[in-house]
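Undergrad: For reference, this is structure21.pdb, and it has PDB, C-alpha atoms.
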```
ATOM      1  CA  THR A   2      14.647  -3.704 -39.642  1.00  0.00           C
ATOM      2  CA  ALA A   3      15.819  -4.454 -36.122  1.00  0.00           C
ATOM      3  CA  TYR A   4      15.775  -0.780 -35.156  1.00  0.00           C
ATOM      4  CA  ARG A   5      12.122  -0.350 -36.181  1.00  0.00           C
ATOM      5  CA  ARG A   6      11.068  -3.407 -34.127  1.00  0.00           C
ATOM      6  CA  TRP A   7      13.034  -2.149 -31.111  1.00  0.00           C
ATOM      7  CA  SER A   8      11.545   1.358 -31.477  1.00  0.00           C
ATOM      8  CA  ALA A   9       7.988  -0.033 -31.815  1.00  0.00           C
ATOM      9  CA  ARG A  10       8.388  -2.187 -28.669  1.00  0.00           C
ATOM     10  CA  LYS A  11       9.756   0.809 -26.760  1.00  0.00           C
ATOM     11  CA  THR A  12       6.775   2.953 -27.845  1.00  0.00           C
ATOM     12  CA  LEU A  13       4.327   0.156 -26.945  1.00  0.00           C
ATOM     13  CA  ARG A  14       5.837  -0.190 -23.442  1.00  0.00           C
ATOM     14  CA  LYS A  15       5.635   3.568 -22.902  1.00  0.00           C
ATOM     15  CA  LEU A  16       1.961   3.639 -23.931  1.00  0.00           C
ATOM     16  CA  CYS A  17       1.202   0.617 -21.734  1.00  0.00           C
ATOM     17  CA  ALA A  18       2.866   2.283 -18.726  1.00  0.00           C
ATOM     18  CA  GLU A  19       0.595   5.302 -19.259  1.00  0.00           C
ATOM     19  CA  VAL A  20      -2.567   3.146 -19.339  1.00  0.00           C
ATOM     20  CA  TYR A  21      -1.804   0.730 -16.475  1.00  0.00           C
ATOM     21  CA  TRP A  22      -1.249   1.469 -12.797  1.00  0.00           C
ATOM     22  CA  LYS A  23       0.518  -1.049 -10.546  1.00  0.00           C
ATOM     23  CA  GLU A  24      -0.973  -1.339  -7.052  1.00  0.00           C
ATOM     24  CA  PHE A  25      -0.354  -3.551  -4.022  1.00  0.00           C
ATOM     25  CA  ASP A  26      -3.298  -5.537  -2.642  1.00  0.00           C
ATOM     26  CA  GLU A  27      -3.060  -5.684   1.155  1.00  0.00           C
ATOM     27  CA  GLU A  28      -5.444  -8.629   1.498  1.00  0.00           C
ATOM     28  CA  HIS A  29      -3.634 -10.920  -0.970  1.00  0.00           C
ATOM     29  CA  HIS A  30      -0.117  -9.503  -0.366  1.00  0.00           C
ATOM     30  CA  ALA A  31       0.433  -9.261  -4.133  1.00  0.00           C
ATOM     31  CA  PHE A  32       0.598  -6.665  -6.919  1.00  0.00           C
ATOM     32  CA  TYR A  33      -2.116  -6.209  -9.502  1.00  0.00           C
ATOM     33  CA  TYR A  34      -2.417  -4.036 -12.596  1.00  0.00           C
ATOM     34  CA  ARG A  35      -5.331  -1.653 -13.117  1.00  0.00           C
ATOM     35  CA  ASN A  36      -6.229  -0.435 -16.598  1.00  0.00           C
ATOM     36  CA  MET A  37      -7.050   3.234 -16.029  1.00  0.00           C
ATOM     37  CA  ARG A  38      -9.140   3.499 -19.201  1.00  0.00           C
ATOM     38  CA  THR A  39     -11.393   0.487 -18.692  1.00  0.00           C
ATOM     39  CA  GLY A  40     -11.098  -0.046 -14.936  1.00  0.00           C
ATOM     40  CA  LEU A  41     -10.272  -3.727 -15.433  1.00  0.00           C
ATOM     41  CA  ILE A  42      -7.891  -5.394 -12.989  1.00  0.00           C
ATOM     42  CA  ALA A  43      -5.391  -8.165 -13.815  1.00  0.00           C
ATOM     43  CA  TRP A  44      -3.115 -10.100 -11.464  1.00  0.00           C
ATOM     44  CA  GLU A  45      -0.661 -10.855 -14.278  1.00  0.00           C
ATOM     45  CA  LYS A  46       1.634  -8.220 -15.771  1.00  0.00           C
ATOM     46  CA  PRO A  47       0.436  -7.090 -19.231  1.00  0.00           C
ATOM     47  CA  MET A  48       2.367  -8.890 -21.965  1.00  0.00           C
ATOM     48  CA  SER A  49       2.965  -5.627 -23.804  1.00  0.00           C
ATOM     49  CA  LEU A  50       5.331  -4.523 -20.998  1.00  0.00           C
ATOM     50  CA  GLY A  51       7.734  -7.315 -21.920  1.00  0.00           C
ATOM     51  CA  SER A  52      10.665  -7.522 -19.512  1.00  0.00           C
ATOM     52  CA  SER A  53      10.111  -3.990 -18.137  1.00  0.00           C
ATOM     53  CA  ASP A  54       7.690  -3.177 -15.335  1.00  0.00           C
ATOM     54  CA  ILE A  55       5.726  -0.227 -13.965  1.00  0.00           C
ATOM     55  CA  PRO A  56       7.301   1.445 -10.900  1.00  0.00           C
ATOM     56  CA  THR A  57       5.312   1.323  -7.679  1.00  0.00           C
ATOM     57  CA  ALA A  58       4.680   4.015  -5.103  1.00  0.00           C
ATOM     58  CA  ASN A  59       7.224   4.141  -2.275  1.00  0.00           C
ATOM     59  CA  GLU A  60       4.740   3.896   0.598  1.00  0.00           C
ATOM     60  CA  TRP A  61       4.259   1.815   3.731  1.00  0.00           C
ATOM     61  CA  LYS A  62       1.298  -0.534   4.191  1.00  0.00           C
ATOM     62  CA  VAL A  63      -0.126  -1.992   7.400  1.00  0.00           C
ATOM     63  CA  LEU A  64      -0.523  -5.754   6.940  1.00  0.00           C
ATOM     64  CA  ARG A  65      -1.489  -8.628   9.267  1.00  0.00           C
ATOM     65  CA  ASP A  66       0.399 -11.866   9.847  1.00  0.00           C
ATOM     66  CA  ALA A  67      -1.170 -15.321  10.316  1.00  0.00           C
ATOM     67  CA  HIS A  68      -1.906 -14.490  13.993  1.00  0.00           C
ATOM     68  CA  ASP A  69      -3.597 -11.173  13.050  1.00  0.00           C
ATOM     69  CA  PHE A  70      -0.671  -9.155  14.457  1.00  0.00           C
ATOM     70  CA  PRO A  71       0.024  -5.918  12.529  1.00  0.00           C
ATOM     71  CA  TYR A  72       3.314  -5.285  10.746  1.00  0.00           C
ATOM     72  CA  TYR A  73       4.566  -2.652   8.314  1.00  0.00           C
ATOM     73  CA  TYR A  74       5.614  -3.402   4.742  1.00  0.00           C
ATOM     74  CA  ASN A  75       6.932  -1.258   1.893  1.00  0.00           C
ATOM     75  CA  PRO A  76       6.297  -3.146  -1.384  1.00  0.00           C
ATOM     76  CA  CYS A  77       8.550  -0.811  -3.371  1.00  0.00           C
ATOM     77  CA  THR A  78      11.682  -1.364  -1.264  1.00  0.00           C
ATOM     78  CA  LEU A  79      10.602  -4.779   0.152  1.00  0.00           C
ATOM     79  CA  ASP A  80      11.290  -3.517   3.696  1.00  0.00           C
ATOM     80  CA  MET A  81       9.320  -5.080   6.552  1.00  0.00           C
ATOM     81  CA  SER A  82       9.190  -4.065  10.208  1.00  0.00           C
ATOM     82  CA  TRP A  83       7.218  -4.928  13.329  1.00  0.00           C
ATOM     83  CA  GLN A  84       7.780  -1.342  14.528  1.00  0.00           C
ATOM     84  CA  PRO A  85       6.172   1.646  12.792  1.00  0.00           C
ATOM     85  CA  PRO A  86       8.462   3.356  10.263  1.00  0.00           C
ATOM     86  CA  SER A  87      10.304   6.313  11.764  1.00  0.00           C
ATOM     87  CA  ASP A  88       9.506   8.585   8.815  1.00  0.00           C
ATOM     88  CA  ARG A  89       5.711   8.279   9.253  1.00  0.00           C
ATOM     89  CA  ILE A  90       3.420   9.940  11.796  1.00  0.00           C
ATOM     90  CA  MET A  91       1.221   7.443  13.616  1.00  0.00           C
ATOM     91  CA  CYS A  92      -2.374   7.806  14.812  1.00  0.00           C
ATOM     92  CA  GLU A  93      -2.651   9.109  18.393  1.00  0.00           C
ATOM     93  CA  ALA A  94      -5.860   7.210  19.211  1.00  0.00           C
ATOM     94  CA  THR A  95      -6.127   4.375  21.716  1.00  0.00           C
ATOM     95  CA  VAL A  96      -7.902   1.308  20.326  1.00  0.00           C
ATOM     96  CA  ARG A  97      -8.721  -2.290  21.258  1.00  0.00           C
ATOM     97  CA  GLN A  98      -5.959  -4.719  20.301  1.00  0.00           C
ATOM     98  CA  PRO A  99      -7.643  -8.137  19.978  1.00  0.00           C
ATOM     99  CA  TRP A 100      -4.562  -9.718  18.333  1.00  0.00           C
ATOM    100  CA  LEU A 101      -2.822  -9.795  21.737  1.00  0.00           C
ATOM    101  CA  LYS A 102      -5.259 -12.566  22.818  1.00  0.00           C
ATOM    102  CA  GLU A 103      -5.608 -11.230  26.351  1.00  0.00           C
ATOM    103  CA  TYR A 104      -8.683 -11.034  28.523  1.00  0.00           C
ATOM    104  CA  PRO A 105      -9.925  -8.431  28.993  1.00  0.00           C
ATOM    105  CA  VAL A 106      -8.994  -7.153  25.543  1.00  0.00           C
ATOM    106  CA  ALA A 107      -5.988  -4.861  25.833  1.00  0.00           C
ATOM    107  CA  LEU A 108      -6.019  -1.210  24.803  1.00  0.00           C
ATOM    108  CA  GLY A 109      -3.065   0.362  23.048  1.00  0.00           C
ATOM    109  CA  PRO A 110      -1.969   2.754  20.327  1.00  0.00           C
ATOM    110  CA  CYS A 111      -3.602   2.544  16.909  1.00  0.00           C
ATOM    111  CA  GLU A 112      -1.336   0.869  14.345  1.00  0.00           C
ATOM    112  CA  PHE A 113      -2.409   2.982  11.342  1.00  0.00           C
ATOM    113  CA  PHE A 114      -0.796   6.066   9.811  1.00  0.00           C
ATOM    114  CA  ALA A 115      -2.121   9.485  10.735  1.00  0.00           C
ATOM    115  CA  VAL A 116      -3.744  12.182   8.687  1.00  0.00           C
ATOM    116  CA  GLU A 117      -3.875  15.525  10.487  1.00  0.00           C
ATOM    117  CA  ARG A 118      -7.489  16.176  11.528  1.00  0.00           C
ATOM    118  CA  GLU A 119      -9.195  19.063  13.243  1.00  0.00           C
ATOM    119  CA  ILE A 120     -11.026  17.980  16.404  1.00  0.00           C
ATOM    120  CA  GLU A 121     -14.313  19.727  17.219  1.00  0.00           C
ATOM    121  CA  PRO A 122     -15.419  21.841  19.090  1.00  0.00           C
ATOM    122  CA  ARG A 123     -12.118  23.387  20.245  1.00  0.00           C
ATOM    123  CA  GLY A 124     -10.592  23.295  16.764  1.00  0.00           C
ATOM    124  CA  GLU A 125      -7.328  21.728  17.917  1.00  0.00           C
ATOM    125  CA  LYS A 126      -5.379  19.481  15.551  1.00  0.00           C
ATOM    126  CA  ARG A 127      -4.436  15.882  16.375  1.00  0.00           C
ATOM    127  CA  ASN A 128      -2.809  13.148  14.366  1.00  0.00           C
ATOM    128  CA  MET A 129      -5.602  10.655  13.682  1.00  0.00           C
ATOM    129  CA  CYS A 130      -6.034   7.965  11.045  1.00  0.00           C
ATOM    130  CA  VAL A 131      -9.082   7.731   8.799  1.00  0.00           C
ATOM    131  CA  ARG A 132     -10.492   4.817  10.876  1.00  0.00           C
ATOM    132  CA  CYS A 133     -10.296   6.583  14.254  1.00  0.00           C
ATOM    133  CA  ALA A 134     -11.343  10.113  13.246  1.00  0.00           C
TER     134      ALA A 134
END
```
So that I can check it, write out the structure of this file as structure tokens.
TA:
Amino acid sequence: TAYRRWSARKTLRKLCAEVYWKEFDEEHHAFYYRNMRTGLIAWEKPMSLGSSDIPTANEWKVLRDAHDFPYYYNPCTLDMSWQPPSDRIMCEATVRQPWLKEYPVALGPCEFFAVEREIEPRGEKRNMCVRCA
């Protein structure tokens, strides 16, 4: 019957959503699907999902444009900004900024998001990203 087919497709989509994880690839600027059981990655959406899709995490990514200049992108909401998002804490480190194409190479604030780290030996806490800590 039509109800049994509809119910079976609904169950299949639910099981598929439990097995696959949708992630955003920062290098290719595209989504891919990871099978959590096998570890296999596919760039195409699994056919068993049909017209539905797996929700993505609402998080900001640091991407680079064609001139290597950093910008901020949220693949879930499709928001893009040249300025850091106001709801995120940024890294407090000062780093080289070669994308500005100046000589000597300019120094400026790190463009990555912070994770609170404890700085030795005084034990004080600063907002640093994983790359700068």
Undergrad: Just the number, please: distance in Å from CA of Gln98 in chain A to CA of Asp26 in chain A, one decimal.
TA: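 Interatomic distance here is 23.1 Å.
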Undergrad: Would you mind reading off the distance between CA of Arg65 in chain A and CA of Pro105 in chain A, one decimal, in Å?
TA: 21.5 Å
Undergrad: Expand the PyMOL selection byres ((chain A and resi 19) around 12) into the explicit residue set it covers here, and present it as a PDB file with C-alpha atoms, keeping the file's coordinate frame.
TA:
```pdb
ATOM      1  CA  THR A  12       6.775   2.953 -27.845  1.00  0.00           C
ATOM      2  CA  LEU A  13       4.327   0.156 -26.945  1.00  0.00           C
ATOM      3  CA  ARG A  14       5.837  -0.190 -23.442  1.00  0.00           C
ATOM      4  CA  LYS A  15       5.635   3.568 -22.902  1.00  0.00           C
ATOM      5  CA  LEU A  16       1.961   3.639 -23.931  1.00  0.00           C
ATOM      6  CA  CYS A  17       1.202   0.617 -21.734  1.00  0.00           C
ATOM      7  CA  ALA A  18       2.866   2.283 -18.726  1.00  0.00           C
ATOM      8  CA  VAL A  20      -2.567   3.146 -19.339  1.00  0.00           C
ATOM      9  CA  TYR A  21      -1.804   0.730 -16.475  1.00  0.00           C
ATOM     10  CA  TRP A  22      -1.249   1.469 -12.797  1.00  0.00           C
ATOM     11  CA  LYS A  23       0.518  -1.049 -10.546  1.00  0.00           C
ATOM     12  CA  TYR A  34      -2.417  -4.036 -12.596  1.00  0.00           C
ATOM     13  CA  ARG A  35      -5.331  -1.653 -13.117  1.00  0.00           C
ATOM     14  CA  ASN A  36      -6.229  -0.435 -16.598  1.00  0.00           C
ATOM     15  CA  MET A  37      -7.050   3.234 -16.029  1.00  0.00           C
ATOM     16  CA  ARG A  38      -9.140   3.499 -19.201  1.00  0.00           C
ATOM     17  CA  LEU A  50       5.331  -4.523 -20.998  1.00  0.00           C
ATOM     18  CA  ASP A  54       7.690  -3.177 -15.335  1.00  0.00           C
ATOM     19  CA  ILE A  55       5.726  -0.227 -13.965  1.00  0.00           C
ATOM     20  CA  PRO A  56       7.301   1.445 -10.900  1.00  0.00           C
TER      21      PRO A  56
END
```
Undergrad: Evaluating the PyMOL selection byres ((chain A and resi 27) around 12) on the displayed file yields which residues, as a list of chain:residue names?
TA: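 When the PyMOL selection byres ((chain A and resi 27) around 12) is applied, the selected residues are A:Glu24, A:Phe25, A:Asp26, A:Glu28, A:His29, A:His30, A:Ala31, A:Phe32, A:Tyr33, A:Trp61, A:Lys62, A:Val63, A:Leu64, A:Arg65, A:Asp66, A:Pro71, A:Tyr72, A:Tyr73, A:Tyr74, A:Asn75, A:Pro76.
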Undergrad: So that I can check the surroundings of range 111-113 of chain A, please list as a PDB file with C-alpha atoms, in the frame of the given file every protein, DNA and RNA residue that reaches within 7 Å of it, counting all atoms listed in the file and ignoring chain neighbours fewer than 6 positions away.
TA:
```pdb
ATOM      1  CA  VAL A  63      -0.126  -1.992   7.400  1.00  0.00           C
ATOM      2  CA  MET A  91       1.221   7.443  13.616  1.00  0.00           C
ATOM      3  CA  CYS A  92      -2.374   7.806  14.812  1.00  0.00           C
ATOM      4  CA  GLU A  93      -2.651   9.109  18.393  1.00  0.00           C
ATOM      5  CA  ALA A  94      -5.860   7.210  19.211  1.00  0.00           C
ATOM      6  CA  THR A  95      -6.127   4.375  21.716  1.00  0.00           C
ATOM      7  CA  VAL A  96      -7.902   1.308  20.326  1.00  0.00           C
ATOM      8  CA  CYS A 130      -6.034   7.965  11.045  1.00  0.00           C
TER       9      CYS A 130
END
```
